[in-house]
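Accompanying notes for the structure given below.
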Amino acid sequence: MAEPVNVLFVCLGNICRSPSAEGVFRSLVEQAGLADQVHIDSCGTGDWHIGKTPDARAQEAARRRGIDISGLRARQFSPEDLDTFDYVLVMDRQNLADIKDVWHQNGGTRPALFLEFGQSAHQEVPDPYYGGDAGFETVLDLIQEAGEGLLADIRGRLA
Ligand code: 4NP
């Protein structure tokens, strides 16, 4: 079998958006029967939450959609991630600027906005950390839609 495709989701804290993306996308990949061929991880550009579980609000919103992200633990982005992962997908333009600085020095996989794989007008997944519960639903909606586009792209790569 071909080498697995490695996908990394990146946000700021790795406790809200990117672990949600990891959980939702893993669910899409499993439903597609591609779990053996797609490896998924997430991380944050910041170091505040290393080792922590996802935010309780993110866990609850995901759980309502049948997705369990309680086992995930936050880690910080490292430059080697650009060598290891085939897709490095960030949630917003600040994440992109932060990772691009590393990419300019390090080379490797060029980081991209995750929502480039979606069809909606949104280009960024808004940070829900300081907002209400509705923000976490928006995150999941945007991630689900872009995840379907990403899965189609990966299918093309695996074909
Ligand atoms: P995330 O959300 O980047 O989606 O995980 C945040 C989590 C924590 C903080 C900011 C954003 N914070 O400032 O601690």
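Residues are named by chain letter and number: chains run A, B, ... in the order of the structure tokens, numbers start at 1 in each chain, and ligands are numbered from 1 in the order shown.
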Hey, which bits of chain A sit within 9 Å of ligand 1, and for each residue what's the closest pair of atoms and how far apart in Å (one decimal), counting only C-alpha atoms and all ligand atoms, rows by chain and increasing number, as a tab-separated table?
residue	atom	partner	partner_atom_place_in_ligand_line	distance
A:Val10	CA	ligand 1	3 (O)	8.0
A:Cys11	CA	ligand 1	3 (O)	4.4
A:Leu12	CA	ligand 1	3 (O)	3.4
A:Gly13	CA	ligand 1	5 (O)	3.5
A:Asn14	CA	ligand 1	5 (O)	4.0
A:Ile15	CA	ligand 1	5 (O)	3.9
A:Cys16	CA	ligand 1	4 (O)	3.8
A:Arg17	CA	ligand 1	4 (O)	3.7
A:Ser18	CA	ligand 1	4 (O)	6.1
A:Pro19	CA	ligand 1	5 (O)	7.6
A:Ser20	CA	ligand 1	4 (O)	8.5
A:Cys43	CA	ligand 1	5 (O)	8.7
A:Gly44	CA	ligand 1	3 (O)	6.6
A:Thr45	CA	ligand 1	3 (O)	8.2
A:Gly46	CA	ligand 1	12 (N)	8.2
A:Asp47	CA	ligand 1	14 (O)	9.0
A:Trp48	CA	ligand 1	14 (O)	6.3
A:His49	CA	ligand 1	14 (O)	7.1
A:Pro54	CA	ligand 1	5 (O)	7.8
A:Asp55	CA	ligand 1	7 (C)	7.8
A:Ala74	CA	ligand 1	5 (O)	8.7
A:Met91	CA	ligand 1	4 (O)	7.9
A:Asn95	CA	ligand 1	3 (O)	8.7
A:Val125	CA	ligand 1	4 (O)	8.5
A:Pro126	CA	ligand 1	4 (O)	8.0
A:Asp127	CA	ligand 1	4 (O)	5.3
A:Pro128	CA	ligand 1	2 (O)	6.3
A:Tyr129	CA	ligand 1	2 (O)	4.9
A:Tyr130	CA	ligand 1	11 (C)	7.7
A:Val139	CA	ligand 1	4 (O)	8.9
Contact residues around Leu34 (chain A) with only C-alpha atoms at 12 Å, ignoring same-chain residues under 3 positions, as a list of chain:residue names: A:Met1, A:Ala2, A:Pro4, A:Val5, A:Phe25, A:Arg26, A:Ser27, A:Leu28, A:Val29, A:Glu30, A:Gln31, A:Gln37, A:Val38, A:His39, A:Ile40, A:Leu151, A:Ala152, A:Ile154, A:Arg155, A:Leu158, A:Ala159
Given the selection you just returned, output its residues as a file containing N, CA and C atoms, formatted as a JSON list (two decimals), in the first residue's frame.
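Resulting contents of result_28.json:
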[["chain", "number", "residue", "atom", "x", "y", "z"],
["A", 1, "MET", "N", 0.85, -1.20, 0.00],
["A", 1, "MET", "CA", 0.00, 0.00, 0.00],
["A", 1, "MET", "C", 0.88, 1.25, 0.00],
["A", 2, "ALA", "N", 0.37, 2.32, -0.61],
["A", 2, "ALA", "CA", 1.14, 3.57, -0.68],
["A", 2, "ALA", "C", 1.33, 4.14, 0.72],
["A", 4, "PRO", "N", 0.98, 6.57, 3.80],
["A", 4, "PRO", "CA", -0.17, 7.39, 4.18],
["A", 4, "PRO", "C", 0.06, 8.86, 3.87],
["A", 5, "VAL", "N", -1.03, 9.57, 3.67],
["A", 5, "VAL", "CA", -0.99, 11.02, 3.52],
["A", 5, "VAL", "C", -1.08, 11.62, 4.93],
["A", 25, "PHE", "N", -12.36, 15.69, 10.87],
["A", 25, "PHE", "CA", -11.76, 15.12, 9.66],
["A", 25, "PHE", "C", -11.46, 13.63, 9.83],
["A", 26, "ARG", "N", -11.06, 13.24, 11.03],
["A", 26, "ARG", "CA", -10.83, 11.80, 11.27],
["A", 26, "ARG", "C", -12.14, 11.03, 11.06],
["A", 27, "SER", "N", -13.24, 11.60, 11.52],
["A", 27, "SER", "CA", -14.53, 10.95, 11.34],
["A", 27, "SER", "C", -14.86, 10.82, 9.84],
["A", 28, "LEU", "N", -14.61, 11.87, 9.07],
["A", 28, "LEU", "CA", -14.86, 11.81, 7.61],
["A", 28, "LEU", "C", -13.99, 10.74, 6.95],
["A", 29, "VAL", "N", -12.74, 10.69, 7.36],
["A", 29, "VAL", "CA", -11.79, 9.74, 6.78],
["A", 29, "VAL", "C", -12.19, 8.29, 7.14],
["A", 30, "GLU", "N", -12.64, 8.11, 8.39],
["A", 30, "GLU", "CA", -13.08, 6.76, 8.80],
["A", 30, "GLU", "C", -14.32, 6.34, 8.01],
["A", 31, "GLN", "N", -15.26, 7.27, 7.88],
["A", 31, "GLN", "CA", -16.48, 6.95, 7.11],
["A", 31, "GLN", "C", -16.14, 6.60, 5.66],
["A", 37, "GLN", "N", -4.92, 5.08, 5.46],
["A", 37, "GLN", "CA", -4.16, 5.81, 4.44],
["A", 37, "GLN", "C", -4.00, 7.29, 4.72],
["A", 38, "VAL", "N", -4.68, 7.77, 5.76],
["A", 38, "VAL", "CA", -4.59, 9.19, 6.09],
["A", 38, "VAL", "C", -4.27, 9.33, 7.58],
["A", 39, "HIS", "N", -3.14, 9.96, 7.87],
["A", 39, "HIS", "CA", -2.72, 10.19, 9.26],
["A", 39, "HIS", "C", -3.01, 11.66, 9.58],
["A", 40, "ILE", "N", -3.66, 11.89, 10.74],
["A", 40, "ILE", "CA", -4.13, 13.24, 11.08],
["A", 40, "ILE", "C", -3.60, 13.65, 12.45],
["A", 151, "LEU", "N", -10.98, 15.98, 1.71],
["A", 151, "LEU", "CA", -11.04, 14.54, 1.47],
["A", 151, "LEU", "C", -11.03, 14.25, -0.03],
["A", 152, "ALA", "N", -11.76, 15.05, -0.78],
["A", 152, "ALA", "CA", -11.78, 14.86, -2.24],
["A", 152, "ALA", "C", -10.37, 15.08, -2.81],
["A", 154, "ILE", "N", -7.52, 14.63, -1.26],
["A", 154, "ILE", "CA", -6.66, 13.51, -0.85],
["A", 154, "ILE", "C", -6.99, 12.26, -1.66],
["A", 155, "ARG", "N", -8.25, 12.05, -1.94],
["A", 155, "ARG", "CA", -8.62, 10.91, -2.80],
["A", 155, "ARG", "C", -7.90, 11.00, -4.14],
["A", 158, "LEU", "N", -4.37, 9.90, -3.64],
["A", 158, "LEU", "CA", -4.21, 8.46, -3.39],
["A", 158, "LEU", "C", -4.52, 7.63, -4.63],
["A", 159, "ALA", "N", -5.23, 8.22, -5.59],
["A", 159, "ALA", "CA", -5.70, 7.45, -6.77],
["A", 159, "ALA", "C", -4.53, 7.04, -7.66]]
What's around Arg64 (chain A) at 12 Å? Count only C-alpha atoms, leave out sequence neighbours fewer than 6 positions away in its own chain, and write the answer as a CSV table (one decimal) with all heavy atoms, in the first residue's frame.
chain,number,residue,atom,x,y,z
A,24,VAL,N,-13.2,16.0,13.5
A,24,VAL,CA,-14.2,16.0,12.4
A,24,VAL,C,-13.6,15.3,11.2
A,24,VAL,O,-14.2,14.5,10.5
A,24,VAL,CB,-14.7,17.4,12.1
A,24,VAL,CG1,-15.5,17.4,10.8
A,24,VAL,CG2,-15.5,18.0,13.2
A,57,ARG,N,-16.0,23.4,25.9
A,57,ARG,CA,-17.1,23.8,25.0
A,57,ARG,C,-16.9,23.2,23.6
A,57,ARG,O,-17.8,22.8,22.9
A,57,ARG,CB,-17.1,25.3,24.8
A,57,ARG,CG,-17.4,26.1,26.1
A,57,ARG,CD,-17.1,27.5,26.0
A,57,ARG,NE,-15.6,27.8,25.9
A,57,ARG,CZ,-15.1,28.9,25.6
A,57,ARG,NH1,-15.8,30.0,25.5
A,57,ARG,NH2,-13.8,29.0,25.5
A,58,ALA,N,-15.6,23.0,23.2
A,58,ALA,CA,-15.3,22.3,21.9
A,58,ALA,C,-15.6,20.9,22.0
A,58,ALA,O,-16.2,20.2,21.1
A,58,ALA,CB,-13.8,22.5,21.6
A,136,PHE,N,-18.7,27.9,18.5
A,136,PHE,CA,-18.2,26.5,18.4
A,136,PHE,C,-19.0,25.8,17.3
A,136,PHE,O,-18.4,24.9,16.6
A,136,PHE,CB,-18.2,25.8,19.7
A,136,PHE,CG,-17.1,26.3,20.7
A,136,PHE,CD1,-17.3,27.5,21.4
A,136,PHE,CD2,-15.9,25.7,20.7
A,136,PHE,CE1,-16.3,28.0,22.2
A,136,PHE,CE2,-14.9,26.2,21.6
A,136,PHE,CZ,-15.1,27.3,22.3
A,137,GLU,N,-20.3,26.1,17.2
A,137,GLU,CA,-21.1,25.5,16.1
A,137,GLU,C,-20.6,26.0,14.8
A,137,GLU,O,-20.5,25.2,13.8
A,137,GLU,CB,-22.5,25.8,16.3
A,137,GLU,CG,-23.2,25.3,17.6
A,137,GLU,CD,-23.1,23.8,17.7
A,137,GLU,OE1,-23.1,23.1,16.7
A,137,GLU,OE2,-23.0,23.3,18.8
A,140,LEU,N,-17.5,24.1,13.7
A,140,LEU,CA,-17.8,22.8,13.2
A,140,LEU,C,-18.4,22.8,11.8
A,140,LEU,O,-18.0,22.0,11.0
A,140,LEU,CB,-18.7,22.0,14.2
A,140,LEU,CG,-18.0,21.7,15.6
A,140,LEU,CD1,-19.0,21.1,16.5
A,140,LEU,CD2,-16.8,20.7,15.4
Shell of 7 Å around Leu89 (chain A), only C-alpha atoms, local chain residues under 4 positions omitted, as JSON, numbers by chain: {"A": [8, 9, 10, 111, 112, 113, 114]}
DSSP-assigned helix (DSSP H, G or I) members of region 74-135 of chain A, reported as a ChimeraX atom specification: /A:81-84,93-106,114-117,133-135
For CA of Gly132 (chain A) and CA of Ile99 (chain A), the interatomic separation in Å (one decimal):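 One can read the CA of Gly132 (chain A) to CA of Ile99 (chain A) distance as 27.6 Å.
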